[in-house]
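The file run_13.cif comes next; it holds mmCIF, C-alpha atoms.
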```cif
data_target
#
loop_
_atom_site.label_atom_id
_atom_site.label_comp_id
_atom_site.auth_asym_id
_atom_site.auth_seq_id
_atom_site.Cartn_x
_atom_site.Cartn_y
_atom_site.Cartn_z
CA MET A 163 108.57 103.13 91.62
CA GLY A 164 111.67 103.91 93.72
CA SER A 165 112.11 104.58 97.39
CA PRO A 166 110.23 107.45 99.08
CA VAL A 167 111.65 110.94 99.36
CA VAL A 168 113.21 111.32 102.82
CA LEU A 169 113.28 114.70 104.57
CA GLY A 170 116.18 115.08 106.97
CA ILE A 171 116.24 117.67 109.78
CA GLU A 172 119.41 118.63 111.67
CA SER A 173 119.43 120.95 114.71
CA SER A 174 122.06 119.58 117.08
CA CYS A 175 124.16 122.74 117.43
CA ASP A 176 124.14 126.11 115.65
CA GLU A 177 123.05 125.08 112.13
CA THR A 178 119.44 124.41 111.20
CA GLY A 179 119.44 122.13 108.18
CA ALA A 180 116.86 120.41 105.99
CA GLY A 181 117.64 118.07 103.12
CA LEU A 182 115.78 115.75 100.77
CA VAL A 183 117.24 112.44 99.57
CA ARG A 184 115.88 109.56 97.54
CA ASP A 185 117.75 106.39 96.53
CA GLY A 186 121.07 107.86 97.62
CA ARG A 187 120.65 111.03 95.58
CA LEU A 188 120.52 114.52 97.08
CA LEU A 189 117.49 116.35 95.68
CA GLY A 190 117.84 119.63 97.57
CA HIS A 191 118.91 121.12 100.89
CA THR A 192 119.08 124.39 102.81
CA VAL A 193 121.09 125.42 105.88
CA ALA A 194 120.60 128.41 108.19
CA SER A 195 123.34 129.24 110.69
CA SER A 196 123.14 131.23 113.92
CA LEU A 197 126.95 131.50 113.99
CA ASP A 198 126.98 135.31 113.92
CA GLU A 199 124.78 135.43 117.02
CA HIS A 200 127.31 133.32 118.96
CA ALA A 201 130.52 134.93 117.68
CA ARG A 202 130.61 137.73 120.25
CA PHE A 203 130.49 135.13 123.04
CA GLY A 204 133.37 133.11 121.59
CA GLY A 205 131.31 129.92 121.41
CA VAL A 206 127.83 128.49 120.99
CA VAL A 207 125.27 129.64 123.58
CA PRO A 208 122.67 126.84 123.91
CA GLU A 209 119.66 129.08 124.56
CA ILE A 210 120.46 131.32 121.60
CA ALA A 211 120.91 128.26 119.39
CA ALA A 212 117.56 126.78 120.42
CA ARG A 213 115.70 130.03 119.72
CA ALA A 214 117.43 130.38 116.36
CA HIS A 215 116.33 126.85 115.39
CA LEU A 216 112.77 127.75 116.34
CA HIS A 217 112.79 130.67 113.90
CA ALA A 218 114.70 128.87 111.13
CA LEU A 219 113.10 125.41 111.01
CA THR A 220 110.07 126.16 108.84
CA PRO A 221 112.00 128.37 106.40
CA VAL A 222 114.76 125.78 105.86
CA VAL A 223 112.25 122.98 105.24
CA ARG A 224 110.47 125.20 102.72
CA GLY A 225 113.83 126.14 101.23
CA ALA A 226 114.87 122.51 100.79
CA LEU A 227 111.55 121.69 99.12
CA ALA A 228 111.94 124.66 96.79
CA ASP A 229 115.53 123.66 95.99
CA ALA A 230 114.30 120.18 95.06
CA GLY A 231 111.21 121.40 93.20
CA LEU A 232 108.99 119.35 95.49
CA ARG A 233 105.97 119.86 97.74
CA ALA A 234 105.43 118.67 101.30
CA SER A 235 103.03 116.03 99.99
CA ASP A 236 105.98 114.43 98.13
CA ILE A 237 107.74 113.57 101.42
CA GLY A 238 107.52 109.84 102.19
CA ALA A 239 109.54 109.70 105.45
CA VAL A 240 111.13 112.09 107.95
CA ALA A 241 114.52 111.60 109.60
CA VAL A 242 115.77 113.82 112.43
CA THR A 243 118.84 114.09 114.63
CA THR A 244 117.92 112.85 118.11
CA GLY A 245 121.46 113.03 119.52
CA PRO A 246 124.08 113.84 120.44
CA GLY A 247 123.95 117.63 120.71
CA LEU A 248 122.55 120.52 122.71
CA ALA A 249 119.36 119.43 124.48
CA GLY A 250 117.25 122.48 123.64
CA ALA A 251 118.43 122.56 120.06
CA LEU A 252 117.66 118.86 119.56
CA GLN A 253 114.20 119.31 121.07
CA VAL A 254 113.28 121.96 118.51
CA GLY A 255 114.26 119.78 115.56
CA LEU A 256 112.56 116.69 116.97
CA ALA A 257 109.33 118.57 117.71
CA GLY A 258 109.24 119.90 114.16
CA ALA A 259 109.99 116.48 112.69
CA LYS A 260 107.28 114.82 114.77
CA GLY A 261 104.74 117.40 113.68
CA LEU A 262 105.59 116.93 110.01
CA ALA A 263 105.62 113.13 110.19
CA TYR A 264 102.26 113.08 111.99
CA ALA A 265 100.64 115.64 109.67
CA LEU A 266 101.86 113.85 106.54
CA GLY A 267 101.17 110.36 107.86
CA VAL A 268 104.71 109.15 107.15
CA PRO A 269 107.26 107.22 109.26
CA LEU A 270 109.74 109.00 111.50
CA TYR A 271 113.37 107.93 112.03
CA GLY A 272 115.66 109.08 114.83
CA VAL A 273 119.23 109.43 113.58
CA HIS A 274 122.62 109.64 115.30
CA HIS A 275 124.30 112.91 114.35
CA LEU A 276 127.72 111.33 113.73
CA ALA A 277 126.24 108.64 111.51
CA GLY A 278 124.92 111.56 109.47
CA HIS A 279 128.46 112.82 108.94
CA VAL A 280 129.47 109.34 107.73
CA ALA A 281 126.49 109.14 105.36
CA ALA A 282 127.22 112.61 103.95
CA ASP A 283 129.99 111.10 101.86
CA THR A 284 127.55 108.76 100.10
CA LEU A 285 125.79 111.77 98.58
CA ALA A 286 128.99 112.70 96.75
CA HIS A 287 130.70 109.37 96.11
CA GLY A 288 128.01 106.68 96.26
CA PRO A 289 127.64 103.72 98.67
CA LEU A 290 130.34 103.17 101.27
CA PRO A 291 132.58 100.17 100.63
CA ASP A 292 132.14 97.33 103.14
CA PRO A 293 134.29 97.63 105.17
CA CYS A 294 135.82 101.11 105.35
CA VAL A 295 137.64 103.10 108.01
CA VAL A 296 136.00 106.42 108.87
CA LEU A 297 137.78 109.30 110.58
CA ILE A 298 135.26 111.71 112.15
CA VAL A 299 136.79 115.06 113.08
CA SER A 300 134.61 117.90 114.36
CA GLY A 301 134.32 120.46 117.13
CA GLY A 302 133.13 117.92 119.66
CA HIS A 303 134.18 114.55 118.29
CA THR A 304 137.31 112.80 117.03
CA SER A 305 136.89 109.08 116.31
CA LEU A 306 138.29 106.30 114.16
CA LEU A 307 135.57 103.84 113.17
CA LEU A 308 135.32 100.57 111.29
CA VAL A 309 132.10 100.74 109.29
CA ARG A 310 130.43 97.90 107.40
CA ASP A 311 126.75 98.28 106.49
CA LEU A 312 125.90 101.67 108.01
CA ALA A 313 122.15 101.01 108.11
CA ARG A 314 122.32 97.50 109.60
CA ASP A 315 125.57 96.83 111.43
CA ARG A 316 126.99 98.00 114.72
CA ILE A 317 129.72 100.61 114.24
CA VAL A 318 133.07 99.50 115.67
CA HIS A 319 135.14 102.13 117.49
CA LEU A 320 138.86 101.71 116.87
CA GLY A 321 139.73 104.84 118.82
CA ASP A 322 138.16 108.00 120.25
CA THR A 323 139.36 111.22 121.81
CA VAL A 324 140.13 110.94 125.51
CA ASP A 325 139.76 114.70 126.09
CA ASP A 326 139.53 117.65 123.66
CA ALA A 327 138.46 116.95 120.09
CA ALA A 328 140.49 118.34 117.18
CA GLY A 329 137.99 121.09 116.39
CA GLU A 330 137.79 122.11 120.04
CA CYS A 331 141.59 122.41 120.10
CA PHE A 332 141.47 124.72 117.06
CA ASP A 333 138.74 126.88 118.62
CA LYS A 334 140.46 127.27 121.99
CA VAL A 335 143.93 127.95 120.61
CA ALA A 336 142.52 130.43 118.08
CA ARG A 337 141.10 132.40 120.99
CA VAL A 338 144.51 132.43 122.71
CA PHE A 339 146.09 133.59 119.44
CA GLY A 340 143.55 136.42 119.14
CA LEU A 341 141.84 134.93 116.08
CA PRO A 342 138.06 135.22 115.56
CA TYR A 343 135.45 132.56 116.27
CA PRO A 344 134.98 129.97 114.82
CA GLY A 345 138.61 129.06 115.31
CA GLY A 346 138.97 126.29 112.73
CA PRO A 347 138.45 128.36 109.57
CA ALA A 348 140.39 131.29 111.05
CA MET A 349 143.31 129.01 111.90
CA ASP A 350 143.28 127.53 108.39
CA ARG A 351 143.35 130.97 106.75
CA THR A 352 146.09 132.29 109.02
CA ALA A 353 148.25 129.16 108.66
CA ARG A 354 148.66 129.77 104.92
CA GLU A 355 151.01 132.67 105.72
CA GLY A 356 153.07 130.75 108.28
CA ASP A 357 155.85 128.16 108.48
CA PRO A 358 154.64 124.83 109.91
CA ARG A 359 158.23 124.00 110.97
CA ALA A 360 158.71 127.22 112.93
CA VAL A 361 157.41 125.64 116.16
CA HIS A 362 157.53 121.95 117.06
CA PHE A 363 154.33 121.19 118.92
CA PRO A 364 153.85 117.70 120.43
CA ARG A 365 152.08 114.85 118.61
CA PRO A 366 149.94 113.40 121.44
CA LEU A 367 149.48 109.63 121.77
CA THR A 368 151.66 108.80 118.77
CA ALA A 369 153.88 106.79 121.12
CA GLY A 370 152.87 104.76 124.11
CA PRO A 371 150.88 101.64 124.97
CA PRO A 372 149.46 99.62 122.03
CA GLU A 373 145.89 99.90 123.32
CA LYS A 374 146.10 103.69 122.85
CA ARG A 375 147.46 103.56 119.29
CA PHE A 376 144.18 104.74 117.72
CA ALA A 377 143.06 107.03 120.56
CA PHE A 378 143.31 110.82 120.33
CA SER A 379 144.22 113.53 122.82
CA PHE A 380 144.42 117.22 121.96
CA SER A 381 144.30 118.79 125.43
CA GLY A 382 148.08 118.73 125.85
CA LEU A 383 148.59 120.17 122.38
CA LYS A 384 146.20 123.00 123.23
CA THR A 385 148.16 123.68 126.44
CA ALA A 386 151.51 123.62 124.61
CA ALA A 387 150.24 126.19 122.10
CA ALA A 388 148.87 128.40 124.89
CA ARG A 389 152.19 128.29 126.78
CA TRP A 390 154.10 129.12 123.59
CA ALA A 391 151.90 132.20 123.12
CA GLU A 392 152.23 133.18 126.79
CA SER A 393 156.04 132.93 126.67
CA HIS A 394 156.18 135.37 123.75
CA ARG A 395 153.87 137.84 125.47
CA ALA A 396 155.70 137.55 128.79
CA ALA A 397 158.98 138.38 127.05
CA GLY A 398 157.38 141.34 125.29
CA ARG A 399 157.90 139.78 121.87
CA PRO A 400 155.27 140.04 119.11
CA LEU A 401 153.41 136.78 118.64
CA PRO A 402 154.11 135.18 115.24
CA VAL A 403 150.49 134.06 114.90
CA ALA A 404 150.80 132.71 111.36
CA ASP A 405 153.70 130.43 112.33
CA GLY A 406 151.86 129.25 115.44
CA ALA A 407 148.71 128.52 113.44
CA ALA A 408 150.65 126.65 110.75
CA ALA A 409 152.55 124.58 113.32
CA LEU A 410 149.44 123.73 115.30
CA GLN A 411 147.53 122.78 112.17
CA GLU A 412 150.44 120.59 111.07
CA ALA A 413 150.49 118.78 114.42
CA VAL A 414 146.74 118.11 114.32
CA ALA A 415 146.80 116.96 110.69
CA ASP A 416 149.85 114.77 111.33
CA VAL A 417 148.24 112.93 114.25
CA LEU A 418 144.87 112.49 112.53
CA THR A 419 146.19 111.18 109.22
CA ARG A 420 148.98 109.05 110.71
CA LYS A 421 146.56 107.14 112.92
CA ALA A 422 143.89 106.86 110.22
CA VAL A 423 146.26 105.37 107.64
CA ALA A 424 147.71 103.02 110.27
CA ALA A 425 144.19 101.82 111.13
CA CYS A 426 143.47 101.06 107.47
CA THR A 427 146.73 99.14 107.13
CA GLU A 428 146.28 97.16 110.35
CA HIS A 429 142.72 96.12 109.48
CA GLY A 430 143.39 95.46 105.80
CA VAL A 431 140.90 98.11 104.69
CA GLY A 432 141.42 99.85 101.34
CA THR A 433 139.25 102.95 101.82
CA LEU A 434 139.51 105.83 104.29
CA VAL A 435 136.59 108.25 104.63
CA VAL A 436 137.27 111.56 106.39
CA VAL A 437 134.16 113.47 107.54
CA GLY A 438 133.04 116.21 109.93
CA GLY A 439 133.72 119.92 110.15
CA VAL A 440 137.51 119.57 110.49
CA ALA A 441 137.51 117.54 107.25
CA ALA A 442 137.16 120.96 105.61
CA ASN A 443 140.64 121.92 106.88
CA SER A 444 142.98 122.30 103.92
CA ARG A 445 146.04 120.74 105.58
CA VAL A 446 144.10 117.75 106.90
CA ARG A 447 142.78 117.10 103.38
CA THR A 448 146.17 117.54 101.68
CA LEU A 449 148.12 115.38 104.14
CA ALA A 450 145.42 112.68 104.01
CA GLU A 451 145.70 112.65 100.22
CA GLU A 452 149.50 112.34 100.35
CA ARG A 453 149.57 109.57 102.95
CA CYS A 454 146.72 107.57 101.43
CA ALA A 455 148.37 107.73 98.00
CA ALA A 456 151.67 106.51 99.47
CA ALA A 457 149.91 103.62 101.25
CA GLY A 458 147.72 102.63 98.28
CA ILE A 459 144.53 103.58 100.13
CA THR A 460 141.51 105.19 98.47
CA LEU A 461 140.57 108.46 100.18
CA ARG A 462 137.01 109.80 100.23
CA VAL A 463 136.20 113.25 101.63
CA PRO A 464 132.80 114.95 101.12
CA PRO A 465 132.69 118.34 99.41
CA LEU A 466 133.05 121.27 101.80
CA ARG A 467 129.32 122.06 101.85
CA LEU A 468 128.60 118.57 103.24
CA CYS A 469 131.40 118.53 105.84
CA THR A 470 129.71 120.91 108.27
CA ASP A 471 126.33 120.14 109.88
CA ASN A 472 123.45 119.93 107.40
CA GLY A 473 120.08 118.27 106.90
CA ALA A 474 121.17 116.40 103.77
CA MET A 475 123.38 114.06 105.80
CA ILE A 476 120.49 113.20 108.13
CA ALA A 477 118.24 112.55 105.13
CA ALA A 478 120.98 110.30 103.73
CA VAL A 479 120.87 108.14 106.87
CA GLY A 480 117.07 108.09 106.78
CA ASP A 481 117.19 107.00 103.14
CA LEU A 482 119.58 104.14 104.00
CA LEU A 483 117.35 103.05 106.90
CA VAL A 484 114.20 103.10 104.75
CA ARG A 485 115.85 101.05 102.01
CA ALA A 486 117.20 98.60 104.61
CA GLY A 487 113.70 98.05 106.01
CA ALA A 488 114.59 99.44 109.44
CA ALA A 489 111.80 99.95 111.94
CA PRO A 490 110.75 103.61 112.30
CA ALA A 491 110.71 105.38 115.65
CA PRO A 492 107.53 105.73 117.68
CA LEU A 493 106.07 109.22 117.97
CA ASP A 494 107.08 109.38 121.64
CA VAL A 495 110.74 109.11 120.69
CA SER A 496 112.93 111.44 122.78
CA ILE A 497 116.36 113.02 122.46
CA ASP A 498 119.66 111.73 123.87
CA PRO A 499 122.11 114.66 124.09
CA SER A 500 125.08 112.41 124.93
CA ALA A 501 124.21 109.38 122.82
CA PRO A 502 127.12 107.02 122.10
CA LEU A 503 127.62 106.06 118.47
CA GLU A 504 126.67 102.40 118.08
CA TYR A 505 124.12 102.31 115.27
CA ALA A 506 122.99 104.85 112.68
CA ALA A 507 119.41 104.70 113.97
CA LEU A 508 118.92 106.33 117.36
CA HIS A 509 115.49 105.79 118.86
CA PRO A 510 115.56 106.56 122.59
CA VAL A 511 111.98 106.42 123.84
CA ALA A 512 110.43 108.68 126.47
CA ALA A 513 108.00 106.06 127.77
CA GLY A 514 110.81 103.78 128.95
CA ARG A 515 110.48 101.10 126.28
CA PRO A 516 113.73 99.48 125.09
CA VAL A 517 115.77 101.42 122.56
CA ALA A 518 114.97 100.13 119.07
CA VAL A 519 117.65 99.99 116.40
#
```
Please render this file's structure as structure tokens.
Amino acid sequence: MGSPVVLGIESSCDETGAGLVRDGRLLGHTVASSLDEHARFGGVVPEIAARAHLHALTPVVRGALADAGLRASDIGAVAVTTGPGLAGALQVGLAGAKGLAYALGVPLYGVHHLAGHVAADTLAHGPLPDPCVVLIVSGGHTSLLLVRDLARDRIVHLGDTVDDAAGECFDKVARVFGLPYPGGPAMDRTAREGDPRAVHFPRPLTAGPPEKRFAFSFSGLKTAAARWAESHRAAGRPLPVADGAAALQEAVADVLTRKAVAACTEHGVGTLVVVGGVAANSRVRTLAEERCAAAGITLRVPPLRLCTDNGAMIAAVGDLLVRAGAAPAPLDVSIDPSAPLEYAALHPVAAGRPVAV
């Protein structure tokens, strides 16, 4: 008999996801998004997101079970995102996960959201090589990590963003350019009609002190793009949005892939894994492929459906933790909306006991 079926629940932002994984294999998953409800505000509204999770949680769990051809009684463990994320949104997912785990009499695991993005790749390409370099790029996070055993070892941060993340830069500049929310996909679509060499935007932190060589900064790039747009409008010239989008996308992709390949080379690591919502960007994927091929590095990127937030990636972490014999979380486990990424398991406890990993 193999490992138990692990149900994963994700509710950190505006997607409600449920997935089922056993022995590293994705059995089924369903995602509901409240994106349309936030679009008119130009960003995610926490209260709207929390209420949407409340309505969507039961249907997505049922949907994942139906997709897998399983019943609730087949679930052997429950994993849930306990941070980082929006506090109200996380609370909804955790409350649902606790209720299911208690009702089914199965162990509960608190999972770090970003570890879920890393684990998502295992569902498409199998176990992560030990070690590998992971580039996480999303709306709120940009990090370069050295990962060994995801379920057991501490995750080493080679570099993180010091201000805006890559996805946040896309969203904010898209708004300045008059593109719809979410900005990342809109920027990608628009850039296909533009010339990436038409505007030379800066490549932040690609030169400077050695200790910053793997850090990221996209605030200045965002400002440069905004000033470029303002200068056209102030002069009464039409804004060449496609060129601006292509040039901005090129700058972001250049910085991300240049630093990621350099990290692999410096640490003697032969595999780069690119995950997170911005990993769906076509230019980031293409440039990563070109630069990894030139450097003799194996590139792994999850399929598009597993790049954005989903319950399958949380189930994947839970499955790894179960198979590694990790201790489950107590039922008074709480959320940590600003949790740092140190381990895949995230078990902050409400009663004040030490964090268990």
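Proximity to Ile476 of chain A was assessed for A:Pro246, A:Gly238, A:Gly272, A:Gly430 counting all atoms listed in the file; the smallest distance is recorded for A:Gly272.
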| request: Identify, on the basis of all atoms listed in the file, every residue whose closest approach to segment 486-499 of chain A does not exceed 8 Å; exclude the query and any residue fewer than 5 positions from it along the same chain; express the result as a list in words. | output: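 In the requested format, the answer is Thr244, Gly245, Pro246, Gly247, Leu248, Ala249, Leu252, Gln253, Leu256, Lys260, Pro269, Leu270, Tyr271, Gly272, Ala313, Arg314, His509, Pro510, Val511, Ala512, Ala513, Ala518 and Val519 of chain A.
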| Residue nearest Ala228 of chain A among A:His215, A:Leu197, A:Asp322, A:Thr192 (counting only C-alpha atoms) |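 The closest residue to Ala228 of chain A is A:Thr192.
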| Atom-to-atom span, atom CA of Ala409 of chain A and atom CA of Val446 of chain A, Å | 12.6 Å
| said: Going by the chain IDs and residue numbers used in this file, which residues fall under the PyMOL selection byres ((chain A and resi 382) around 12)? Write them as a PyMOL selection string. | reply: chain A and resi 324-328+331+335+363-367+378-381+383-389+410+413-414
| Resolved residues for the PyMOL selection byres ((chain A and resi 185) around 9) as a list of chain:residue names |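 Checking the PyMOL selection byres ((chain A and resi 185) around 9) against this file, the residues are A:Gly164, A:Ser165, A:Pro166, A:Val167, A:Val183, A:Arg184, A:Gly186, A:Arg187, A:Leu188, A:Ala478, A:Asp481, A:Leu482, A:Arg485.
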| Quick one: of A:Ala507, A:Val193, A:Val222, A:Val435, who's nearest to Leu290 of chain A, counting all atoms listed in the file? |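 The shortest atom-to-atom distance to Leu290 of chain A comes from A:Val435.
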| query | Hey, what's within 8 Å of Ala259 of chain A if we count only C-alpha atoms and toss same-chain stuff fewer than 4 positions away? As number ranges by chain, please? | reply | A: 171, 240-242, 255, 263, 270
| field | Between atom CA of Thr220 of chain A and atom CA of Ile237 of chain A, distance in Å (one decimal) | value | 14.8 Å
Taking the file as I've supplied it (selection: the PyMOL selection byres ((chain A and resi 358) around 12)), which residues are included? Please answer as a short mmCIF file (atom, residue, chain, number, x, y, z; two decimals) with C-alpha atoms, keeping the file's coordinate frame.
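Written out: expr08.cif:
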```
data_model
loop_
_atom_site.label_atom_id
_atom_site.label_comp_id
_atom_site.auth_asym_id
_atom_site.auth_seq_id
_atom_site.Cartn_x
_atom_site.Cartn_y
_atom_site.Cartn_z
CA ASP A 350 143.28 127.53 108.39
CA THR A 352 146.09 132.29 109.02
CA ALA A 353 148.25 129.16 108.66
CA ARG A 354 148.66 129.77 104.92
CA GLU A 355 151.01 132.67 105.72
CA GLY A 356 153.07 130.75 108.28
CA ASP A 357 155.85 128.16 108.48
CA ARG A 359 158.23 124.00 110.97
CA ALA A 360 158.71 127.22 112.93
CA VAL A 361 157.41 125.64 116.16
CA HIS A 362 157.53 121.95 117.06
CA PHE A 363 154.33 121.19 118.92
CA PRO A 402 154.11 135.18 115.24
CA VAL A 403 150.49 134.06 114.90
CA ALA A 404 150.80 132.71 111.36
CA ASP A 405 153.70 130.43 112.33
CA GLY A 406 151.86 129.25 115.44
CA ALA A 407 148.71 128.52 113.44
CA ALA A 408 150.65 126.65 110.75
CA ALA A 409 152.55 124.58 113.32
CA LEU A 410 149.44 123.73 115.30
CA GLN A 411 147.53 122.78 112.17
CA GLU A 412 150.44 120.59 111.07
CA ALA A 413 150.49 118.78 114.42
CA VAL A 414 146.74 118.11 114.32
CA ALA A 415 146.80 116.96 110.69
CA ASP A 416 149.85 114.77 111.33
CA ARG A 445 146.04 120.74 105.58
#
```
| task | May I have the protein, DNA and RNA residues with an atom at most 12 Å from (146.8, 108.2, 101.1), counting all atoms listed in the file in the file's coordinates, returned as an MDAnalysis selection string? | result | chainID A and resid 419:424 426:427 432:436 446:463
| request: Would you mind reading off the distance between atom CA of Tyr343 of chain A and atom CA of His279 of chain A, one decimal, in Å? | output: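 Going from atom CA of Tyr343 of chain A over to atom CA of His279 of chain A, I get 22.2 Å.
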